[in-house]
>>> print(open('structure.csv').read())   # CSV, N, CA and C atoms
chain,number,residue,atom,x,y,z
A,166,SER,N,14.4,-15.8,11.8
A,166,SER,CA,14.9,-14.5,12.0
A,166,SER,C,15.7,-14.1,10.7
A,167,SER,N,16.5,-15.0,10.2
A,167,SER,CA,17.3,-14.6,9.0
A,167,SER,C,16.4,-14.4,7.8
A,168,TRP,N,15.3,-15.1,7.7
A,168,TRP,CA,14.4,-14.9,6.6
A,168,TRP,C,13.7,-13.5,6.7
A,169,LEU,N,13.5,-13.1,7.9
A,169,LEU,CA,12.9,-11.8,8.1
A,169,LEU,C,13.9,-10.7,7.6
A,170,ILE,N,15.1,-10.8,7.9
A,170,ILE,CA,16.1,-9.9,7.5
A,170,ILE,C,16.3,-9.9,6.0
A,171,ILE,N,16.3,-11.1,5.4
A,171,ILE,CA,16.4,-11.2,3.9
A,171,ILE,C,15.3,-10.4,3.2
A,172,TYR,N,14.0,-10.7,3.7
A,172,TYR,CA,12.9,-10.1,3.1
A,172,TYR,C,12.8,-8.6,3.4
A,173,PHE,N,13.3,-8.2,4.5
A,173,PHE,CA,13.4,-6.7,4.8
A,173,PHE,C,14.3,-6.0,3.9
A,174,VAL,N,15.5,-6.6,3.7
A,174,VAL,CA,16.5,-6.0,2.8
A,174,VAL,C,15.9,-5.9,1.3
A,175,GLN,N,15.3,-7.0,0.9
A,175,GLN,CA,14.7,-7.0,-0.4
A,175,GLN,C,13.6,-6.0,-0.6
A,176,THR,N,12.8,-5.8,0.5
A,176,THR,CA,11.8,-4.8,0.5
A,176,THR,C,12.3,-3.4,0.4
A,177,ILE,N,13.4,-3.2,1.1
A,177,ILE,CA,14.0,-1.8,1.1
A,177,ILE,C,14.5,-1.5,-0.3
A,178,VAL,N,15.2,-2.5,-0.9
A,178,VAL,CA,15.8,-2.3,-2.2
A,178,VAL,C,14.7,-2.1,-3.3
A,179,ILE,N,13.7,-2.9,-3.3
A,179,ILE,CA,12.6,-2.8,-4.2
A,179,ILE,C,11.9,-1.4,-4.0
A,180,ALA,N,11.6,-1.1,-2.8
A,180,ALA,CA,10.9,0.2,-2.5
A,180,ALA,C,11.7,1.4,-3.0
A,181,VAL,N,13.0,1.3,-2.8
A,181,VAL,CA,13.9,2.4,-3.3
A,181,VAL,C,13.8,2.5,-4.8
A,182,ILE,N,13.9,1.4,-5.5
A,182,ILE,CA,13.8,1.4,-7.0
A,182,ILE,C,12.4,1.9,-7.5
A,183,VAL,N,11.4,1.4,-6.9
A,183,VAL,CA,10.0,1.8,-7.3
A,183,VAL,C,9.8,3.3,-7.0
A,184,SER,N,10.3,3.7,-5.8
A,184,SER,CA,10.1,5.1,-5.4
A,184,SER,C,10.8,6.1,-6.4
A,185,VAL,N,12.0,5.7,-6.7
A,185,VAL,CA,12.8,6.5,-7.7
A,185,VAL,C,12.1,6.6,-9.0
A,186,ILE,N,11.7,5.5,-9.5
A,186,ILE,CA,11.0,5.5,-10.8
A,186,ILE,C,9.7,6.3,-10.8
A,187,LEU,N,8.9,6.2,-9.7
A,187,LEU,CA,7.7,7.0,-9.6
A,187,LEU,C,8.0,8.4,-9.4
A,188,LYS,N,9.0,8.8,-8.6
A,188,LYS,CA,9.3,10.2,-8.4
A,188,LYS,C,9.8,10.8,-9.7
A,189,VAL,N,10.6,10.1,-10.5
A,189,VAL,CA,11.2,10.7,-11.7
A,189,VAL,C,10.1,10.8,-12.8
A,190,ALA,N,9.3,9.7,-12.9
A,190,ALA,CA,8.4,9.6,-14.1
A,190,ALA,C,6.9,10.0,-13.9
A,191,VAL,N,6.4,9.8,-12.7
A,191,VAL,CA,4.9,9.9,-12.5
A,191,VAL,C,4.6,10.9,-11.4
A,192,ILE,N,5.1,10.7,-10.2
A,192,ILE,CA,4.6,11.5,-9.0
A,192,ILE,C,5.8,12.5,-8.7
A,193,LYS,N,5.8,13.6,-9.5
A,193,LYS,CA,7.0,14.5,-9.4
A,193,LYS,C,6.9,15.5,-8.3
A,194,LYS,N,5.7,15.9,-7.8
A,194,LYS,CA,5.5,16.9,-6.8
A,194,LYS,C,5.6,16.4,-5.4
A,195,THR,N,5.3,15.1,-5.2
A,195,THR,CA,5.2,14.5,-3.9
A,195,THR,C,6.6,14.2,-3.4
A,196,ASP,N,6.8,14.4,-2.1
A,196,ASP,CA,8.0,14.1,-1.4
A,196,ASP,C,8.4,12.6,-1.6
A,197,PHE,N,9.7,12.4,-2.0
A,197,PHE,CA,10.2,11.1,-2.2
A,197,PHE,C,10.0,10.2,-1.0
A,198,PHE,N,10.3,10.7,0.2
A,198,PHE,CA,10.2,9.8,1.4
A,198,PHE,C,8.8,9.4,1.7
A,199,VAL,N,7.8,10.2,1.3
A,199,VAL,CA,6.4,9.8,1.5
A,199,VAL,C,6.1,8.6,0.6
A,200,ILE,N,6.5,8.6,-0.6
A,200,ILE,CA,6.4,7.5,-1.5
A,200,ILE,C,7.1,6.2,-1.0
A,201,PHE,N,8.3,6.5,-0.6
A,201,PHE,CA,9.2,5.4,-0.1
A,201,PHE,C,8.5,4.7,1.1
A,202,VAL,N,8.1,5.5,2.1
A,202,VAL,CA,7.5,4.9,3.3
A,202,VAL,C,6.2,4.1,3.0
A,203,LEU,N,5.4,4.7,2.1
A,203,LEU,CA,4.2,4.0,1.7
A,203,LEU,C,4.5,2.6,1.1
A,204,TYR,N,5.5,2.5,0.2
A,204,TYR,CA,5.8,1.3,-0.4
A,204,TYR,C,6.5,0.3,0.5
A,205,VAL,N,7.4,0.8,1.4
A,205,VAL,CA,8.0,-0.1,2.4
A,205,VAL,C,6.9,-0.7,3.3
A,206,LEU,N,6.0,0.1,3.9
A,206,LEU,CA,5.0,-0.4,4.8
A,206,LEU,C,4.1,-1.4,4.1
A,207,PHE,N,3.7,-1.1,2.8
A,207,PHE,CA,2.9,-2.0,2.1
A,207,PHE,C,3.6,-3.3,1.8
A,208,SER,N,4.9,-3.2,1.5
A,208,SER,CA,5.6,-4.5,1.2
A,208,SER,C,5.8,-5.3,2.4
A,209,LEU,N,6.1,-4.7,3.6
A,209,LEU,CA,6.3,-5.5,4.8
A,209,LEU,C,4.9,-6.1,5.2
A,210,ALA,N,3.9,-5.3,5.1
A,210,ALA,CA,2.5,-5.8,5.4
A,210,ALA,C,2.1,-6.9,4.5
A,211,SER,N,2.5,-6.9,3.2
A,211,SER,CA,2.2,-7.9,2.3
A,211,SER,C,2.9,-9.2,2.6
A,212,VAL,N,4.2,-9.1,3.0
A,212,VAL,CA,5.0,-10.3,3.4
A,212,VAL,C,4.3,-10.9,4.7
A,213,ALA,N,4.0,-10.1,5.6
A,213,ALA,CA,3.4,-10.6,6.8
A,213,ALA,C,2.0,-11.2,6.6
A,214,PHE,N,1.2,-10.6,5.7
A,214,PHE,CA,-0.1,-11.1,5.3
A,214,PHE,C,0.0,-12.4,4.6
A,215,ALA,N,0.9,-12.5,3.7
A,215,ALA,CA,1.1,-13.8,3.0
A,215,ALA,C,1.6,-14.9,3.9
A,216,ALA,N,2.5,-14.6,4.8
A,216,ALA,CA,2.9,-15.6,5.8
A,216,ALA,C,1.7,-16.0,6.7
A,217,MET,N,0.9,-15.1,7.1
A,217,MET,CA,-0.3,-15.4,7.9
A,217,MET,C,-1.2,-16.4,7.1
A,218,LEU,N,-1.4,-16.1,5.8
A,218,LEU,CA,-2.3,-16.9,5.0
A,218,LEU,C,-1.7,-18.3,4.7
A,219,ALA,N,-0.4,-18.4,4.7
A,219,ALA,CA,0.2,-19.7,4.3
A,219,ALA,C,0.3,-20.6,5.6
A,220,THR,N,0.2,-20.0,6.8
A,220,THR,CA,0.4,-20.8,8.0
A,220,THR,C,-0.5,-22.1,8.1
A,221,PRO,N,-1.8,-22.0,7.7
A,221,PRO,CA,-2.6,-23.2,7.9
A,221,PRO,C,-2.3,-24.4,6.9
A,222,PHE,N,-1.6,-24.1,5.9
A,222,PHE,CA,-1.3,-25.2,4.9
A,222,PHE,C,-0.1,-26.0,5.3
A,223,SER,N,-0.2,-27.3,5.2
A,223,SER,CA,1.0,-28.2,5.5
A,223,SER,C,1.8,-28.4,4.3
A,224,SER,N,1.3,-28.2,3.1
A,224,SER,CA,2.0,-28.4,1.9
A,224,SER,C,2.4,-27.1,1.3
A,225,ALA,N,3.7,-26.9,0.9
A,225,ALA,CA,4.1,-25.7,0.3
A,225,ALA,C,3.5,-25.5,-1.1
A,226,LYS,N,3.2,-26.6,-1.8
A,226,LYS,CA,2.7,-26.5,-3.1
A,226,LYS,C,1.2,-25.9,-3.1
A,227,ILE,N,0.5,-26.5,-2.1
A,227,ILE,CA,-0.9,-26.0,-2.0
A,227,ILE,C,-0.9,-24.5,-1.5
A,228,ALA,N,-0.1,-24.2,-0.6
A,228,ALA,CA,0.0,-22.8,-0.1
A,228,ALA,C,0.4,-21.9,-1.3
A,229,GLY,N,1.3,-22.3,-2.1
A,229,GLY,CA,1.8,-21.5,-3.2
A,229,GLY,C,0.7,-21.3,-4.3
A,230,LEU,N,-0.3,-22.2,-4.3
A,230,LEU,CA,-1.4,-22.0,-5.2
A,230,LEU,C,-2.5,-21.2,-4.6
A,231,VAL,N,-2.8,-21.4,-3.3
A,231,VAL,CA,-4.0,-20.8,-2.7
A,231,VAL,C,-3.7,-19.4,-2.2
A,232,VAL,N,-2.5,-19.2,-1.6
A,232,VAL,CA,-2.3,-17.8,-1.0
A,232,VAL,C,-2.3,-16.7,-2.1
A,233,PRO,N,-1.7,-16.8,-3.2
A,233,PRO,CA,-1.8,-15.7,-4.2
A,233,PRO,C,-3.3,-15.5,-4.6
A,234,THR,N,-4.1,-16.6,-4.7
A,234,THR,CA,-5.5,-16.4,-5.1
A,234,THR,C,-6.2,-15.6,-4.0
A,235,ILE,N,-6.0,-16.0,-2.7
A,235,ILE,CA,-6.6,-15.3,-1.6
A,235,ILE,C,-6.2,-13.8,-1.6
A,236,TYR,N,-4.9,-13.6,-1.8
A,236,TYR,CA,-4.4,-12.2,-1.9
A,236,TYR,C,-5.0,-11.4,-3.0
A,237,LEU,N,-5.2,-12.0,-4.1
A,237,LEU,CA,-5.8,-11.3,-5.2
A,237,LEU,C,-7.3,-11.0,-4.9
A,238,LEU,N,-8.0,-11.9,-4.3
A,238,LEU,CA,-9.4,-11.7,-3.9
A,238,LEU,C,-9.5,-10.6,-2.8
A,239,CYS,N,-8.5,-10.5,-2.0
A,239,CYS,CA,-8.4,-9.4,-1.0
A,239,CYS,C,-8.1,-8.0,-1.6
A,240,SER,N,-7.5,-8.1,-2.8
A,240,SER,CA,-7.1,-6.8,-3.5
A,240,SER,C,-8.2,-6.2,-4.3
A,241,ILE,N,-9.1,-7.0,-4.7
A,241,ILE,CA,-10.2,-6.6,-5.6
A,241,ILE,C,-11.1,-5.5,-5.0
A,242,PRO,N,-11.6,-5.7,-3.8
A,242,PRO,CA,-12.4,-4.6,-3.2
A,242,PRO,C,-11.8,-3.3,-3.1
A,243,ALA,N,-10.5,-3.2,-2.8
A,243,ALA,CA,-9.8,-1.9,-2.6
A,243,ALA,C,-9.9,-1.1,-3.9
A,244,PHE,N,-9.8,-1.7,-5.0
A,244,PHE,CA,-9.8,-0.9,-6.3
A,244,PHE,C,-11.2,-0.9,-7.0
A,245,ALA,N,-12.0,-1.9,-6.6
A,245,ALA,CA,-13.3,-2.0,-7.3
A,245,ALA,C,-14.4,-1.2,-6.6
A,246,MET,N,-14.3,-0.8,-5.3
A,246,MET,CA,-15.3,-0.1,-4.6
A,246,MET,C,-15.3,1.4,-5.1
A,247,PRO,N,-16.5,1.9,-5.4
A,247,PRO,CA,-16.6,3.3,-5.8
A,247,PRO,C,-16.3,4.2,-4.6
A,248,MET,N,-15.8,5.4,-4.9
A,248,MET,CA,-15.4,6.3,-3.8
A,248,MET,C,-16.6,6.8,-3.0
A,249,SER,N,-17.8,6.5,-3.4
A,249,SER,CA,-19.0,6.9,-2.7
A,249,SER,C,-19.3,5.9,-1.6
A,250,THR,N,-18.6,4.8,-1.5
A,250,THR,CA,-18.7,3.8,-0.5
A,250,THR,C,-18.5,4.4,0.9
A,251,SER,N,-19.3,4.0,1.9
A,251,SER,CA,-19.2,4.5,3.2
A,251,SER,C,-17.8,4.3,3.8
A,252,PRO,N,-17.3,5.3,4.6
A,252,PRO,CA,-16.0,5.2,5.2
A,252,PRO,C,-15.9,3.9,6.1
A,253,SER,N,-17.0,3.5,6.7
A,253,SER,CA,-16.9,2.3,7.6
A,253,SER,C,-16.5,1.0,6.8
A,254,ALA,N,-17.0,1.0,5.5
A,254,ALA,CA,-16.6,-0.1,4.7
A,254,ALA,C,-15.1,-0.2,4.4
A,255,PHE,N,-14.5,1.0,4.1
A,255,PHE,CA,-13.1,1.1,3.9
A,255,PHE,C,-12.3,0.7,5.2
A,256,HIS,N,-12.9,1.2,6.3
A,256,HIS,CA,-12.2,0.8,7.6
A,256,HIS,C,-12.3,-0.7,7.8
A,257,ALA,N,-13.4,-1.3,7.5
A,257,ALA,CA,-13.5,-2.8,7.7
A,257,ALA,C,-12.5,-3.5,6.8
A,258,LEU,N,-12.3,-3.0,5.5
A,258,LEU,CA,-11.5,-3.7,4.6
A,258,LEU,C,-10.0,-3.3,4.8
A,259,SER,N,-9.7,-2.4,5.7
A,259,SER,CA,-8.3,-2.0,5.9
A,259,SER,C,-7.5,-3.1,6.6
A,260,ILE,N,-8.2,-4.2,7.1
A,260,ILE,CA,-7.4,-5.3,7.7
A,260,ILE,C,-6.6,-6.0,6.6
A,261,PHE,N,-7.0,-5.9,5.3
A,261,PHE,CA,-6.3,-6.5,4.2
A,261,PHE,C,-5.3,-5.4,3.7
A,262,CYS,N,-4.0,-5.7,3.6
A,262,CYS,CA,-3.0,-4.7,3.2
A,262,CYS,C,-3.2,-4.0,1.9
A,263,PRO,N,-3.9,-4.5,0.9
A,263,PRO,CA,-4.1,-3.8,-0.3
A,263,PRO,C,-5.0,-2.6,-0.2
A,264,THR,N,-5.9,-2.6,0.7
A,264,THR,CA,-6.9,-1.5,0.9
A,264,THR,C,-6.2,-0.2,1.4
A,265,PRO,N,-5.4,-0.3,2.5
A,265,PRO,CA,-4.8,1.0,2.9
A,265,PRO,C,-3.8,1.5,1.8
A,266,PHE,N,-3.1,0.6,1.1
A,266,PHE,CA,-2.2,0.9,0.1
A,266,PHE,C,-3.0,1.7,-1.0
A,267,ALA,N,-4.1,1.2,-1.4
A,267,ALA,CA,-4.9,1.9,-2.5
A,267,ALA,C,-5.4,3.2,-2.0
A,268,VAL,N,-5.8,3.3,-0.7
A,268,VAL,CA,-6.2,4.6,-0.2
A,268,VAL,C,-5.0,5.6,-0.2
A,269,GLY,N,-3.9,5.1,0.2
A,269,GLY,CA,-2.7,6.0,0.2
A,269,GLY,C,-2.3,6.4,-1.1
A,270,LEU,N,-2.4,5.6,-2.1
A,270,LEU,CA,-2.1,6.0,-3.5
A,270,LEU,C,-3.1,7.0,-4.0
A,271,LYS,N,-4.4,6.8,-3.7
A,271,LYS,CA,-5.4,7.8,-4.1
A,271,LYS,C,-5.1,9.1,-3.5
A,272,LEU,N,-4.7,9.1,-2.2
A,272,LEU,CA,-4.4,10.4,-1.5
A,272,LEU,C,-3.2,11.1,-2.2
A,273,ILE,N,-2.2,10.3,-2.5
A,273,ILE,CA,-1.0,10.9,-3.2
A,273,ILE,C,-1.4,11.5,-4.5
A,274,PHE,N,-2.2,10.7,-5.3
A,274,PHE,CA,-2.5,11.3,-6.6
A,274,PHE,C,-3.5,12.5,-6.5
A,275,LYS,N,-4.3,12.5,-5.4
A,275,LYS,CA,-5.2,13.6,-5.2
A,275,LYS,C,-4.3,14.9,-4.9
A,276,HIS,N,-3.3,14.7,-4.1
A,276,HIS,CA,-2.4,15.9,-3.8
A,276,HIS,C,-1.5,16.2,-4.9
A,277,GLU,N,-1.2,15.2,-5.8
A,277,GLU,CA,-0.3,15.5,-6.9
A,277,GLU,C,-0.9,16.5,-7.9
A,278,LEU,N,-2.2,16.5,-7.9
A,278,LEU,CA,-2.9,17.5,-8.8
A,278,LEU,C,-2.7,18.9,-8.4
A,279,ASN,N,-2.4,19.1,-7.1
A,279,ASN,CA,-2.1,20.5,-6.6
A,279,ASN,C,-0.6,20.7,-6.4
A,280,ASN,N,-0.1,20.6,-5.2
A,280,ASN,CA,1.3,20.8,-5.0
A,280,ASN,C,2.1,19.6,-4.5
A,281,GLY,N,1.5,18.4,-4.6
A,281,GLY,CA,2.1,17.2,-4.1
A,281,GLY,C,1.9,17.0,-2.6
A,282,LEU,N,2.3,15.9,-2.1
A,282,LEU,CA,2.1,15.6,-0.7
A,282,LEU,C,3.4,15.5,0.0
A,283,GLY,N,3.6,16.2,1.0
A,283,GLY,CA,4.8,16.2,1.8
A,283,GLY,C,4.4,15.9,3.3
A,284,TRP,N,5.4,15.8,4.2
A,284,TRP,CA,5.1,15.5,5.5
A,284,TRP,C,4.2,16.6,6.2
A,285,ASP,N,4.3,17.8,5.8
A,285,ASP,CA,3.5,18.9,6.3
A,285,ASP,C,2.1,18.8,5.9
A,286,GLY,N,1.8,18.1,4.9
A,286,GLY,CA,0.4,18.0,4.4
A,286,GLY,C,-0.3,16.7,4.9
A,287,MET,N,0.3,16.0,5.7
A,287,MET,CA,-0.3,14.7,6.2
A,287,MET,C,-1.6,14.9,7.0
A,288,ARG,N,-1.7,16.1,7.6
A,288,ARG,CA,-2.9,16.4,8.4
A,288,ARG,C,-3.7,17.5,7.8
A,289,ASN,N,-3.8,17.4,6.5
A,289,ASN,CA,-4.6,18.4,5.7
A,289,ASN,C,-6.0,18.3,6.1
A,290,LYS,N,-6.6,19.4,6.4
A,290,LYS,CA,-8.0,19.4,6.8
A,290,LYS,C,-9.0,19.1,5.6
A,291,LEU,N,-8.5,19.2,4.4
A,291,LEU,CA,-9.3,18.9,3.2
A,291,LEU,C,-9.4,17.4,3.0
A,292,ASP,N,-8.5,16.6,3.6
A,292,ASP,CA,-8.5,15.2,3.4
A,292,ASP,C,-9.4,14.6,4.5
A,293,VAL,N,-10.6,14.4,4.1
A,293,VAL,CA,-11.5,13.7,5.0
A,293,VAL,C,-11.2,12.2,4.8
A,294,PRO,N,-10.9,11.5,5.8
A,294,PRO,CA,-10.5,10.1,5.6
A,294,PRO,C,-11.5,9.3,4.8
A,295,PHE,N,-10.9,8.7,3.8
A,295,PHE,CA,-11.7,7.8,2.9
A,295,PHE,C,-12.7,8.4,2.1
A,296,GLU,N,-12.7,9.7,1.9
A,296,GLU,CA,-13.7,10.4,1.0
A,296,GLU,C,-12.9,11.1,0.0
A,297,PHE,N,-13.0,10.7,-1.3
A,297,PHE,CA,-12.1,11.4,-2.3
A,297,PHE,C,-13.0,11.9,-3.4
A,298,GLN,N,-13.8,12.9,-3.2
A,298,GLN,CA,-14.6,13.4,-4.3
A,298,GLN,C,-14.1,14.8,-4.7
>>> encode(input="structure.csv", output="structure tokens")
Amino acid sequence: SSWLIIYFVQTIVIAVIVSVILKVAVIKKTDFFVIFVLYVLFSLASVAFAAMLATPFSSAKIAGLVVPTIYLLCSIPAFAMPMSTSPSAFHALSIFCPTPFAVGLKLIFKHELNNGLGWDGMRNKLDVPFEFQ
């Protein structure tokens, strides 16, 4: 329970720092809280995903070598798949936390070209899920 609190606090601090840097330097039109929530949810999902992957290993050294490799392999499809890939493939890969994060970033950057993304634009009719053409 104390480890969960420690990682949660670290996640919040890192998400605030990353969100501020992105808001100031890169994603200027998008609402700060949208960026912050995306990074917090991704970070918490990553911690839980890594803990799930490390569970079967009895040795911390082996888990420390294998889990980052598995995590990297799970990250590759999210960024390597072309946008013409069927939505069902994206849905299937959404079980791995890097895929929804990549989709969220692509949506933010898509909206950034216009007026940015805010909470009022979360249900934009132009955003067909997982189709970014």
>>> residues_around(input="structure.csv", residues="range 222-239 of chain A", least_positions_apart="2", cutoff="6.5 Å", atoms="all atoms listed in the file", output="MDAnalysis selection string")
chainID A and resid 218:220 241:243 261 263:264
>>> write_last_selection(input="structure.csv", atoms="N, CA and C atoms", output="compact mmCIF listing (two decimals), in the frame of the given file")
# COMPACT_ATOMS: atom_id res chain seq x y z
N LEU A 218 -1.40 -16.10 5.80
CA LEU A 218 -2.30 -16.90 5.00
C LEU A 218 -1.70 -18.30 4.70
N ALA A 219 -0.40 -18.40 4.70
CA ALA A 219 0.20 -19.70 4.30
C ALA A 219 0.30 -20.60 5.60
N THR A 220 0.20 -20.00 6.80
CA THR A 220 0.40 -20.80 8.00
C THR A 220 -0.50 -22.10 8.10
N ILE A 241 -9.10 -7.00 -4.70
CA ILE A 241 -10.20 -6.60 -5.60
C ILE A 241 -11.10 -5.50 -5.00
N PRO A 242 -11.60 -5.70 -3.80
CA PRO A 242 -12.40 -4.60 -3.20
C PRO A 242 -11.80 -3.30 -3.10
N ALA A 243 -10.50 -3.20 -2.80
CA ALA A 243 -9.80 -1.90 -2.60
C ALA A 243 -9.90 -1.10 -3.90
N PHE A 261 -7.00 -5.90 5.30
CA PHE A 261 -6.30 -6.50 4.20
C PHE A 261 -5.30 -5.40 3.70
N PRO A 263 -3.90 -4.50 0.90
CA PRO A 263 -4.10 -3.80 -0.30
C PRO A 263 -5.00 -2.60 -0.20
N THR A 264 -5.90 -2.60 0.70
CA THR A 264 -6.90 -1.50 0.90
C THR A 264 -6.20 -0.20 1.40
>>> atom_distance(input="structure.csv", atom1="CA of Ile192 in chain A", atom2="CA of Ile177 in chain A")
19.2 Å
>>> atom_distance(input="structure.csv", atom1="atom N of Ala215 in chain A", atom2="atom N of Val189 in chain A")
28.4 Å
>>> closest_residue(input="structure.csv", among="A:Ile273, A:Ala267, A:Phe198, A:Ile182", to="Phe244 in chain A", atoms="all atoms listed in the file")
A:Ala267
>>> closest_residue(input="structure.csv", among="A:Ser240, A:Lys194, A:Ala254, A:Phe201", to="Asn279 in chain A", atoms="all atoms listed in the file")
A:Lys194
>>> atom_distance(input="structure.csv", atom1="atom N of Val199 in chain A", atom2="atom N of Val268 in chain A")
15.4 Å
>>> closest_residue(input="structure.csv", among="A:Thr250, A:Thr176, A:Asn280, A:Ser211", to="Cys262 in chain A", atoms="only C-alpha atoms")
A:Ser211
>>> axis_aligned_box(input="structure.csv", around="range 231-237 of chain A", padding_each_side="8 Å", output="AutoDock Vina command-line options")
--center_x -4.5 --center_y -16.2 --center_z -3.1 --size_x 21.6 --size_y 26.4 --size_z 20.2
>>> closest_residue(input="structure.csv", among="A:Val178, A:Ala190, A:Leu203, A:Ile171", to="Phe266 in chain A", atoms="only N, CA and C atoms")
A:Leu203
>>> select_by_dssp(input="structure.csv", residues="chain A", states="helix (DSSP H, G or I)", output="NGL selection string")
:A and (167-190 or 197-219 or 225-245 or 252-258 or 263-277 or 284-286)
